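J.: The file below is start27.pdb, PDB, C-alpha atoms:
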```
ATOM      1  CA  ARG A  28      44.380   4.123 -25.994  1.00  0.00           C
ATOM      2  CA  ARG A  29      44.097   6.010 -29.272  1.00  0.00           C
ATOM      3  CA  ILE A  30      40.299   6.018 -29.065  1.00  0.00           C
ATOM      4  CA  THR A  31      40.461   7.272 -25.465  1.00  0.00           C
ATOM      5  CA  LYS A  32      42.858  10.051 -26.474  1.00  0.00           C
ATOM      6  CA  HIS A  33      40.676  11.087 -29.406  1.00  0.00           C
ATOM      7  CA  VAL A  34      37.603  11.166 -27.154  1.00  0.00           C
ATOM      8  CA  LYS A  35      39.423  13.373 -24.657  1.00  0.00           C
ATOM      9  CA  ASP A  36      40.493  15.633 -27.502  1.00  0.00           C
ATOM     10  CA  GLN A  37      36.932  15.492 -28.830  1.00  0.00           C
ATOM     11  CA  ASN A  38      38.293  14.481 -32.206  1.00  0.00           C
ATOM     12  CA  TRP A  39      35.106  12.712 -33.285  1.00  0.00           C
ATOM     13  CA  PHE A  40      36.230  12.164 -36.832  1.00  0.00           C
ATOM     14  CA  ALA A  41      39.256  10.229 -35.603  1.00  0.00           C
ATOM     15  CA  VAL A  42      37.049   8.314 -33.153  1.00  0.00           C
ATOM     16  CA  GLY A  43      34.810   7.295 -36.041  1.00  0.00           C
ATOM     17  CA  ILE A  44      37.779   6.117 -38.108  1.00  0.00           C
ATOM     18  CA  ASP A  45      39.201   4.120 -35.178  1.00  0.00           C
ATOM     19  CA  PHE A  46      35.801   2.566 -34.527  1.00  0.00           C
ATOM     20  CA  CYS A  47      35.447   1.514 -38.189  1.00  0.00           C
ATOM     21  CA  ILE A  48      38.941   0.006 -38.125  1.00  0.00           C
ATOM     22  CA  VAL A  49      38.053  -2.037 -35.036  1.00  0.00           C
ATOM     23  CA  VAL A  50      34.736  -3.261 -36.521  1.00  0.00           C
ATOM     24  CA  ILE A  51      36.339  -4.161 -39.855  1.00  0.00           C
ATOM     25  CA  GLY A  52      39.178  -5.969 -38.070  1.00  0.00           C
ATOM     26  CA  VAL A  53      36.771  -7.982 -35.966  1.00  0.00           C
ATOM     27  CA  PHE A  54      34.655  -8.784 -39.029  1.00  0.00           C
ATOM     28  CA  ILE A  55      37.672  -9.941 -41.028  1.00  0.00           C
ATOM     29  CA  GLY A  56      38.899 -12.036 -38.098  1.00  0.00           C
ATOM     30  CA  ILE A  57      35.520 -13.756 -37.803  1.00  0.00           C
ATOM     31  CA  GLN A  58      35.393 -14.421 -41.548  1.00  0.00           C
ATOM     32  CA  VAL A  59      38.904 -15.883 -41.543  1.00  0.00           C
ATOM     33  CA  ALA A  60      38.012 -18.120 -38.593  1.00  0.00           C
ATOM     34  CA  ASN A  61      34.817 -19.240 -40.343  1.00  0.00           C
ATOM     35  CA  TRP A  62      36.744 -19.918 -43.533  1.00  0.00           C
ATOM     36  CA  ASN A  63      39.290 -22.011 -41.611  1.00  0.00           C
ATOM     37  CA  ASP A  64      36.486 -23.963 -39.937  1.00  0.00           C
ATOM     38  CA  ALA A  65      34.808 -24.525 -43.305  1.00  0.00           C
ATOM     39  CA  GLN A  66      38.080 -25.744 -44.812  1.00  0.00           C
ATOM     40  CA  ILE A  67      38.597 -28.168 -41.923  1.00  0.00           C
ATOM     41  CA  GLU A  68      35.032 -29.504 -42.305  1.00  0.00           C
ATOM     42  CA  THR A  69      35.457 -29.833 -46.073  1.00  0.00           C
ATOM     43  CA  ARG A  70      38.687 -31.806 -45.684  1.00  0.00           C
ATOM     44  CA  ALA A  71      37.102 -34.024 -43.026  1.00  0.00           C
ATOM     45  CA  GLU A  72      34.101 -34.692 -45.267  1.00  0.00           C
ATOM     46  CA  ARG A  73      36.368 -35.584 -48.186  1.00  0.00           C
ATOM     47  CA  VAL A  74      38.253 -38.092 -46.022  1.00  0.00           C
ATOM     48  CA  LEU A  75      34.947 -39.567 -44.858  1.00  0.00           C
ATOM     49  CA  GLN A  76      33.654 -39.761 -48.425  1.00  0.00           C
ATOM     50  CA  HIS A  77      36.836 -41.507 -49.525  1.00  0.00           C
ATOM     51  CA  ASN A  78      36.468 -44.073 -46.736  1.00  0.00           C
ATOM     52  CA  ILE A  79      32.800 -44.631 -47.567  1.00  0.00           C
ATOM     53  CA  GLN A  80      33.663 -45.116 -51.230  1.00  0.00           C
ATOM     54  CA  SER A  81      36.422 -47.626 -50.446  1.00  0.00           C
ATOM     55  CA  ASP A  82      34.148 -49.625 -48.127  1.00  0.00           C
ATOM     56  CA  MET A  83      31.227 -49.584 -50.568  1.00  0.00           C
ATOM     57  CA  ILE A  84      33.363 -50.845 -53.443  1.00  0.00           C
ATOM     58  CA  VAL A  85      34.356 -53.846 -51.316  1.00  0.00           C
ATOM     59  CA  LEU A  86      30.757 -54.344 -50.170  1.00  0.00           C
ATOM     60  CA  GLU A  87      29.566 -54.179 -53.770  1.00  0.00           C
ATOM     61  CA  GLY A  88      31.491 -57.342 -54.627  1.00  0.00           C
ATOM     62  CA  GLU A  89      30.345 -59.095 -51.450  1.00  0.00           C
ATOM     63  CA  PHE A  90      26.685 -58.440 -52.225  1.00  0.00           C
ATOM     64  CA  ASP A  91      27.127 -59.651 -55.796  1.00  0.00           C
ATOM     65  CA  SER A  92      28.258 -62.949 -54.292  1.00  0.00           C
ATOM     66  CA  ILE A  93      25.429 -62.981 -51.715  1.00  0.00           C
ATOM     67  CA  ILE A  94      22.796 -62.394 -54.401  1.00  0.00           C
ATOM     68  CA  GLU A  95      24.257 -65.227 -56.472  1.00  0.00           C
ATOM     69  CA  ARG A  96      24.203 -67.609 -53.477  1.00  0.00           C
ATOM     70  CA  TYR A  97      20.651 -66.683 -52.550  1.00  0.00           C
ATOM     71  CA  ASP A  98      19.558 -67.215 -56.136  1.00  0.00           C
ATOM     72  CA  GLU A  99      21.000 -70.734 -56.025  1.00  0.00           C
ATOM     73  CA  THR A 100      19.473 -71.402 -52.592  1.00  0.00           C
ATOM     74  CA  LEU A 101      16.023 -70.242 -53.698  1.00  0.00           C
ATOM     75  CA  ASN A 102      16.175 -72.432 -56.800  1.00  0.00           C
ATOM     76  CA  SER A 103      17.296 -75.437 -54.746  1.00  0.00           C
ATOM     77  CA  THR A 104      14.508 -74.932 -52.208  1.00  0.00           C
ATOM     78  CA  GLY A 105      11.995 -74.593 -55.031  1.00  0.00           C
ATOM     79  CA  GLU A 106      13.272 -77.724 -56.763  1.00  0.00           C
ATOM     80  CA  LEU A 107      13.016 -79.726 -53.537  1.00  0.00           C
ATOM     81  CA  LEU A 108       9.481 -78.438 -52.978  1.00  0.00           C
ATOM     82  CA  ASP A 109       8.476 -79.528 -56.487  1.00  0.00           C
ATOM     83  CA  LEU A 110       9.836 -83.009 -55.821  1.00  0.00           C
ATOM     84  CA  LEU A 111       8.008 -83.275 -52.505  1.00  0.00           C
ATOM     85  CA  ARG A 112       4.746 -82.055 -54.004  1.00  0.00           C
ATOM     86  CA  SER A 113       4.956 -84.694 -56.710  1.00  0.00           C
ATOM     87  CA  GLY A 114       4.944 -87.338 -53.961  1.00  0.00           C
ATOM     88  CA  GLU A 115       7.268 -89.623 -55.927  1.00  0.00           C
ATOM     89  CA  GLU A 116      10.689 -90.304 -54.492  1.00  0.00           C
ATOM     90  CA  PRO A 117      13.411 -89.616 -57.091  1.00  0.00           C
ATOM     91  CA  ASP A 118      15.985 -92.244 -57.976  1.00  0.00           C
ATOM     92  CA  ASP A 119      18.792 -89.708 -57.700  1.00  0.00           C
ATOM     93  CA  SER A 120      19.301 -89.705 -53.920  1.00  0.00           C
ATOM     94  CA  LEU A 121      22.499 -87.650 -54.221  1.00  0.00           C
ATOM     95  CA  ARG A 122      20.554 -84.848 -55.843  1.00  0.00           C
ATOM     96  CA  VAL A 123      17.953 -84.963 -53.078  1.00  0.00           C
ATOM     97  CA  LYS A 124      20.691 -84.810 -50.435  1.00  0.00           C
ATOM     98  CA  TYR A 125      22.207 -81.810 -52.138  1.00  0.00           C
ATOM     99  CA  LEU A 126      18.828 -80.032 -52.253  1.00  0.00           C
ATOM    100  CA  ILE A 127      18.175 -80.782 -48.575  1.00  0.00           C
ATOM    101  CA  TRP A 128      21.576 -79.365 -47.681  1.00  0.00           C
ATOM    102  CA  ARG A 129      21.180 -76.302 -49.866  1.00  0.00           C
ATOM    103  CA  ALA A 130      17.602 -75.536 -48.802  1.00  0.00           C
ATOM    104  CA  GLY A 131      18.699 -75.156 -45.182  1.00  0.00           C
ATOM    105  CA  TYR A 132      20.823 -72.105 -45.925  1.00  0.00           C
ATOM    106  CA  TYR A 133      20.168 -68.568 -44.751  1.00  0.00           C
ATOM    107  CA  HIS A 134      23.139 -66.437 -45.768  1.00  0.00           C
ATOM    108  CA  GLU A 135      24.339 -63.712 -43.431  1.00  0.00           C
ATOM    109  CA  PHE A 136      24.960 -60.191 -44.669  1.00  0.00           C
ATOM    110  CA  PRO A 137      28.355 -58.562 -44.010  1.00  0.00           C
ATOM    111  CA  ALA A 138      28.623 -56.284 -41.002  1.00  0.00           C
ATOM    112  CA  PHE A 139      28.092 -52.556 -41.472  1.00  0.00           C
ATOM    113  CA  PRO A 140      31.198 -51.078 -43.146  1.00  0.00           C
ATOM    114  CA  PRO A 141      33.473 -49.228 -40.672  1.00  0.00           C
ATOM    115  CA  SER A 142      32.957 -45.878 -42.399  1.00  0.00           C
ATOM    116  CA  TYR A 143      29.174 -46.143 -42.048  1.00  0.00           C
ATOM    117  CA  THR A 144      29.448 -47.117 -38.385  1.00  0.00           C
ATOM    118  CA  GLU A 145      31.740 -44.129 -37.810  1.00  0.00           C
ATOM    119  CA  LEU A 146      29.289 -41.874 -39.645  1.00  0.00           C
ATOM    120  CA  LEU A 147      26.437 -42.947 -37.355  1.00  0.00           C
ATOM    121  CA  SER A 148      28.407 -42.858 -34.109  1.00  0.00           C
ATOM    122  CA  SER A 149      29.832 -39.401 -34.824  1.00  0.00           C
ATOM    123  CA  GLY A 150      26.453 -37.956 -35.805  1.00  0.00           C
ATOM    124  CA  HIS A 151      27.879 -36.606 -39.078  1.00  0.00           C
ATOM    125  CA  LEU A 152      25.308 -38.228 -41.359  1.00  0.00           C
ATOM    126  CA  GLY A 153      23.052 -35.193 -41.231  1.00  0.00           C
ATOM    127  CA  GLN A 154      26.013 -32.871 -41.889  1.00  0.00           C
ATOM    128  CA  LEU A 155      26.937 -34.315 -45.279  1.00  0.00           C
ATOM    129  CA  SER A 156      26.664 -31.622 -47.923  1.00  0.00           C
ATOM    130  CA  SER A 157      24.988 -33.833 -50.537  1.00  0.00           C
ATOM    131  CA  PRO A 158      21.280 -34.562 -49.912  1.00  0.00           C
ATOM    132  CA  GLU A 159      21.394 -37.385 -52.473  1.00  0.00           C
ATOM    133  CA  LEU A 160      24.227 -39.062 -50.581  1.00  0.00           C
ATOM    134  CA  ARG A 161      22.400 -38.655 -47.274  1.00  0.00           C
ATOM    135  CA  ARG A 162      19.234 -40.233 -48.677  1.00  0.00           C
ATOM    136  CA  ALA A 163      21.147 -43.135 -50.228  1.00  0.00           C
ATOM    137  CA  LEU A 164      22.978 -43.823 -46.969  1.00  0.00           C
ATOM    138  CA  ILE A 165      19.730 -43.689 -44.970  1.00  0.00           C
ATOM    139  CA  ARG A 166      18.078 -46.172 -47.367  1.00  0.00           C
ATOM    140  CA  PHE A 167      21.142 -48.387 -47.078  1.00  0.00           C
ATOM    141  CA  GLY A 168      20.892 -48.455 -43.271  1.00  0.00           C
ATOM    142  CA  ASP A 169      17.117 -49.008 -43.260  1.00  0.00           C
ATOM    143  CA  GLN A 170      17.436 -52.028 -45.550  1.00  0.00           C
ATOM    144  CA  TYR A 171      20.198 -53.501 -43.402  1.00  0.00           C
ATOM    145  CA  ASN A 172      17.998 -53.137 -40.327  1.00  0.00           C
ATOM    146  CA  ARG A 173      15.101 -54.814 -42.126  1.00  0.00           C
ATOM    147  CA  PHE A 174      17.349 -57.762 -42.900  1.00  0.00           C
ATOM    148  CA  GLU A 175      18.380 -58.058 -39.259  1.00  0.00           C
ATOM    149  CA  ARG A 176      14.735 -58.185 -38.174  1.00  0.00           C
ATOM    150  CA  ASN A 177      13.938 -60.765 -40.851  1.00  0.00           C
ATOM    151  CA  ALA A 178      17.034 -62.811 -40.017  1.00  0.00           C
ATOM    152  CA  GLN A 179      16.159 -63.216 -36.343  1.00  0.00           C
ATOM    153  CA  VAL A 180      12.844 -64.868 -37.177  1.00  0.00           C
ATOM    154  CA  ALA A 181      14.123 -66.762 -40.216  1.00  0.00           C
ATOM    155  CA  LYS A 182      17.083 -68.380 -38.487  1.00  0.00           C
ATOM    156  CA  SER A 183      14.953 -69.475 -35.549  1.00  0.00           C
ATOM    157  CA  ALA A 184      12.645 -71.250 -38.019  1.00  0.00           C
ATOM    158  CA  ILE A 185      15.258 -72.713 -40.376  1.00  0.00           C
ATOM    159  CA  LEU A 186      17.608 -73.819 -37.596  1.00  0.00           C
ATOM    160  CA  ASP A 187      14.877 -75.132 -35.277  1.00  0.00           C
ATOM    161  CA  PRO A 188      16.119 -78.575 -34.105  1.00  0.00           C
ATOM    162  CA  THR A 189      12.539 -79.670 -33.370  1.00  0.00           C
ATOM    163  CA  SER A 190      11.302 -78.972 -36.900  1.00  0.00           C
ATOM    164  CA  ALA A 191       9.886 -81.760 -39.050  1.00  0.00           C
ATOM    165  CA  HIS A 192      12.550 -81.089 -41.666  1.00  0.00           C
ATOM    166  CA  ALA A 193      15.329 -81.584 -39.128  1.00  0.00           C
ATOM    167  CA  ALA A 194      13.834 -84.942 -38.166  1.00  0.00           C
ATOM    168  CA  ALA A 195      13.609 -86.024 -41.803  1.00  0.00           C
ATOM    169  CA  ALA A 196      17.347 -85.941 -42.533  1.00  0.00           C
ATOM    170  CA  GLN A 197      20.479 -87.174 -40.833  1.00  0.00           C
ATOM    171  CA  PHE A 198      23.294 -84.674 -41.040  1.00  0.00           C
ATOM    172  CA  SER A 199      26.977 -85.434 -40.664  1.00  0.00           C
ATOM    173  CA  ALA A 200      28.734 -84.326 -37.499  1.00  0.00           C
ATOM    174  CA  ALA A 201      31.985 -83.779 -39.439  1.00  0.00           C
ATOM    175  CA  PRO A 202      32.383 -80.045 -40.161  1.00  0.00           C
ATOM    176  CA  ALA A 203      34.539 -80.703 -43.219  1.00  0.00           C
ATOM    177  CA  LYS A 204      31.613 -82.346 -45.026  1.00  0.00           C
ATOM    178  CA  TRP A 205      29.532 -79.197 -44.777  1.00  0.00           C
ATOM    179  CA  THR A 206      31.769 -77.525 -47.339  1.00  0.00           C
ATOM    180  CA  SER A 207      31.014 -80.136 -50.010  1.00  0.00           C
ATOM    181  CA  ASP A 208      27.829 -80.180 -52.037  1.00  0.00           C
ATOM    182  CA  GLY A 209      25.364 -82.502 -50.356  1.00  0.00           C
ATOM    183  CA  SER A 210      27.884 -84.580 -48.445  1.00  0.00           C
ATOM    184  CA  ALA A 211      26.639 -83.076 -45.181  1.00  0.00           C
ATOM    185  CA  VAL A 212      23.402 -85.104 -45.529  1.00  0.00           C
ATOM    186  CA  GLU A 213      24.086 -88.746 -44.743  1.00  0.00           C
ATOM    187  CA  SER A 214      20.526 -90.042 -45.115  1.00  0.00           C
ATOM    188  CA  TYR A 215      16.909 -88.907 -45.286  1.00  0.00           C
ATOM    189  CA  ASP A 216      13.385 -90.214 -44.793  1.00  0.00           C
ATOM    190  CA  TRP A 217      11.372 -89.397 -47.893  1.00  0.00           C
ATOM    191  CA  GLN A 218       7.949 -89.526 -46.240  1.00  0.00           C
ATOM    192  CA  LYS A 219       9.079 -87.278 -43.405  1.00  0.00           C
ATOM    193  CA  LEU A 220      10.407 -84.842 -45.997  1.00  0.00           C
ATOM    194  CA  VAL A 221       7.018 -84.833 -47.708  1.00  0.00           C
ATOM    195  CA  ASP A 222       5.370 -84.093 -44.371  1.00  0.00           C
ATOM    196  CA  ALA A 223       7.801 -81.199 -43.825  1.00  0.00           C
ATOM    197  CA  LYS A 224       7.152 -79.426 -47.120  1.00  0.00           C
ATOM    198  CA  HIS A 225       5.060 -76.712 -45.432  1.00  0.00           C
ATOM    199  CA  GLU A 226       8.182 -75.727 -43.476  1.00  0.00           C
ATOM    200  CA  LEU A 227      10.122 -75.450 -46.706  1.00  0.00           C
ATOM    201  CA  GLN A 228       7.504 -73.080 -48.080  1.00  0.00           C
ATOM    202  CA  ILE A 229       8.028 -70.813 -45.069  1.00  0.00           C
ATOM    203  CA  TRP A 230      11.795 -71.065 -45.434  1.00  0.00           C
ATOM    204  CA  GLN A 231      11.613 -70.103 -49.074  1.00  0.00           C
ATOM    205  CA  ALA A 232       9.575 -67.006 -48.166  1.00  0.00           C
ATOM    206  CA  TYR A 233      12.266 -65.932 -45.676  1.00  0.00           C
ATOM    207  CA  GLN A 234      14.992 -66.680 -48.210  1.00  0.00           C
ATOM    208  CA  PHE A 235      13.183 -64.659 -50.870  1.00  0.00           C
ATOM    209  CA  GLU A 236      12.833 -61.706 -48.476  1.00  0.00           C
ATOM    210  CA  ALA A 237      16.571 -61.799 -47.781  1.00  0.00           C
ATOM    211  CA  TYR A 238      17.286 -62.123 -51.514  1.00  0.00           C
ATOM    212  CA  THR A 239      15.088 -59.090 -52.262  1.00  0.00           C
ATOM    213  CA  LEU A 240      16.765 -57.046 -49.517  1.00  0.00           C
ATOM    214  CA  ALA A 241      20.207 -58.028 -50.810  1.00  0.00           C
ATOM    215  CA  LYS A 242      19.287 -56.701 -54.253  1.00  0.00           C
ATOM    216  CA  SER A 243      17.863 -53.505 -52.733  1.00  0.00           C
ATOM    217  CA  ILE A 244      21.044 -52.951 -50.730  1.00  0.00           C
ATOM    218  CA  ARG A 245      23.090 -53.571 -53.854  1.00  0.00           C
ATOM    219  CA  ASP A 246      21.068 -50.845 -55.608  1.00  0.00           C
ATOM    220  CA  SER A 247      21.630 -48.495 -52.647  1.00  0.00           C
ATOM    221  CA  ILE A 248      25.367 -49.120 -52.890  1.00  0.00           C
ATOM    222  CA  ASP A 249      25.211 -48.117 -56.567  1.00  0.00           C
ATOM    223  CA  ASP A 250      23.345 -44.928 -55.606  1.00  0.00           C
ATOM    224  CA  ILE A 251      25.944 -44.130 -52.929  1.00  0.00           C
ATOM    225  CA  LEU A 252      28.850 -44.643 -55.329  1.00  0.00           C
ATOM    226  CA  SER A 253      27.148 -42.615 -58.061  1.00  0.00           C
ATOM    227  CA  SER A 254      26.523 -39.753 -55.639  1.00  0.00           C
ATOM    228  CA  LEU A 255      30.150 -39.821 -54.533  1.00  0.00           C
ATOM    229  CA  ASP A 256      31.355 -39.782 -58.150  1.00  0.00           C
ATOM    230  CA  THR A 257      29.311 -36.662 -58.963  1.00  0.00           C
ATOM    231  CA  GLN A 258      31.007 -34.770 -56.117  1.00  0.00           C
ATOM    232  CA  LYS A 259      34.524 -35.304 -57.401  1.00  0.00           C
TER     233      LYS A 259
END
```
Let me see the file written as structure tokens.

T.:
Amino acid sequence: RRITKHVKDQNWFAVGIDFCIVVIGVFIGIQVANWNDAQIETRAERVLQHNIQSDMIVLEGEFDSIIERYDETLNSTGELLDLLRSGEEPDDSLRVKYLIWRAGYYHEFPAFPPSYTELLSSGHLGQLSSPELRRALIRFGDQYNRFERNAQVAKSAILDPTSAHAAAAQFSAAPAKWTSDGSAVESYDWQKLVDAKHELQIWQAYQFEAYTLAKSIRDSIDDILSSLDTQK
């Protein structure tokens, strides 16, 4: 109304002042709104970063355990292969049973942490302010996906009921015995085991791939945690 009155009065100086006041007011309002939006996004990112950090700390310990188990599995598979290549049946049948039991392992990785799943489903990965954190999280996801692809093939080979290795050993049907070292294997045919050594070589390659990926993921977790620490 004031601008209209000033125009009618042809008070152009007052019109100019009113116009500047309106423009400045609109500009300030937009800046305040943008600032509020930025503050909301910053708080949301901090909450997300906190959740990622909490999940990764838990996952760090789980992968330490997975790497240790894979190391033992690889060594057991290798030891059994050495025995089979020698062609001489060992006197220590309990040790052989343990190696047969241990060589048949392919350890699963934990599921994606909830914070990472939320990050992907919400599409916020690309909106993280830290490029280092984004890269570390992308590497983390890529390595997990590589494991899943490897696991599908590996488990079908290791758990194949028609394999020569499966026919060479008699496993207990009692689930409780599978938690004890070697007690799951009730008996074995040494010659059939020797004939199945080529399968063990393939298994060991799959196990080594999983072991390598577990170590790579563990390194990615370190990178993620380090990136989060630098932003505090």

J.: Any idea what the distance is between atom CA of Ala223 of chain A and atom CA of Arg96 of chain A?

T.: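 Going from atom CA of Ala223 of chain A over to atom CA of Arg96 of chain A covers 23.4 Å.
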
J.: Pick the closest to Leu86 of chain A from A:Ile185, A:Leu227, A:Ala138, A:Leu160: which is it, counting all atoms listed in the file?

T.: A:Ala138

J.: Once the PyMOL selection byres ((chain A and resi 93) around 10) has been evaluated on this model, what residues remain selected, and can you format them as an MDAnalysis selection string?

T.: chainID A and resid 87:92 94:99 134:137 237:238 241:242 245

J.: Taking the file as shown, what set of residues would the PyMOL selection byres ((chain A and resi 176-180) around 12) give back, as a ChimeraX atom specification?

T.: /A:132-136,169-175,181-187,229-230,232-240

J.: Quick one, how far is atom CA of Leu164 of chain A from atom CA of Leu255 of chain A?

T.: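 Those two atoms sit 11.2 Å apart.
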
J.: Just so the selection is clear, what residues does the PyMOL selection byres ((chain A and resi 130) around 7) cover here, as a PyMOL selection string?

T.: chain A and resi 100+103-104+126-129+131-132

J.: Taking 5 positions as the minimum chain separation for residues in the same chain, which residues sit within 12 Å of His225 of chain A when counting only C-alpha atoms? Answer as a count of residues only.

T.: 15

J.: By how many Å are atom CA of Ala163 of chain A and atom CA of Ser149 of chain A apart?

T.: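 About the pair atom CA of Ala163 of chain A and atom CA of Ser149 of chain A: they are 18.1 Å apart.
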
J.: Each side padded by 8 Å, which centre and which edge lengths in Å (one decimal) define the axis-aligned box around the listed atoms of segment 211-216 of chain A? Give them as JSON.

T.:
```
{"center_x": 20.0, "center_y": -86.6, "center_z": -45.1, "size_x": 29.3, "size_y": 23.1, "size_z": 16.8}
```

J.: Nearest residue to Asp246 of chain A out of A:Leu101, A:Ala201, A:Met83, A:Leu155, using all atoms listed in the file?

T.: A:Met83

J.: Pick out the closest residue to Ala193 of chain A from this set: A:Ser210, A:Ser243, A:Gln228, A:Asp216. Count only C-alpha atoms.

T.: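 So, comparing all the options, the nearest one is A:Asp216.
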
J.: As a PyMOL selection string, please: the residues near Ser142 of chain A (cut-off 7 Å, all atoms listed in the file, same-chain neighbours under 4 positions excluded).

T.: chain A and resi 78-79+82+146

J.: Counting all atoms listed in the file, figure out which residue out of A:Leu147, A:Ile44, A:Val74, A:Val123 gets nearest to Leu110 of chain A.

T.: A:Val123

J.: Which one is closest to Glu116 of chain A: A:Ala203, A:Val53, A:Val212, A:Val221? Count all atoms listed in the file.

T.: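 Going through A:Ala203, A:Val53, A:Val212, A:Val221 one by one, the smallest distance to Glu116 of chain A is for A:Val221.
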
J.: Restricting the calculation to only C-alpha atoms, which member of A:Glu226, A:Gly153, A:Pro141, A:Tyr125 is positioned closest to Thr206 of chain A?

T.: A:Tyr125
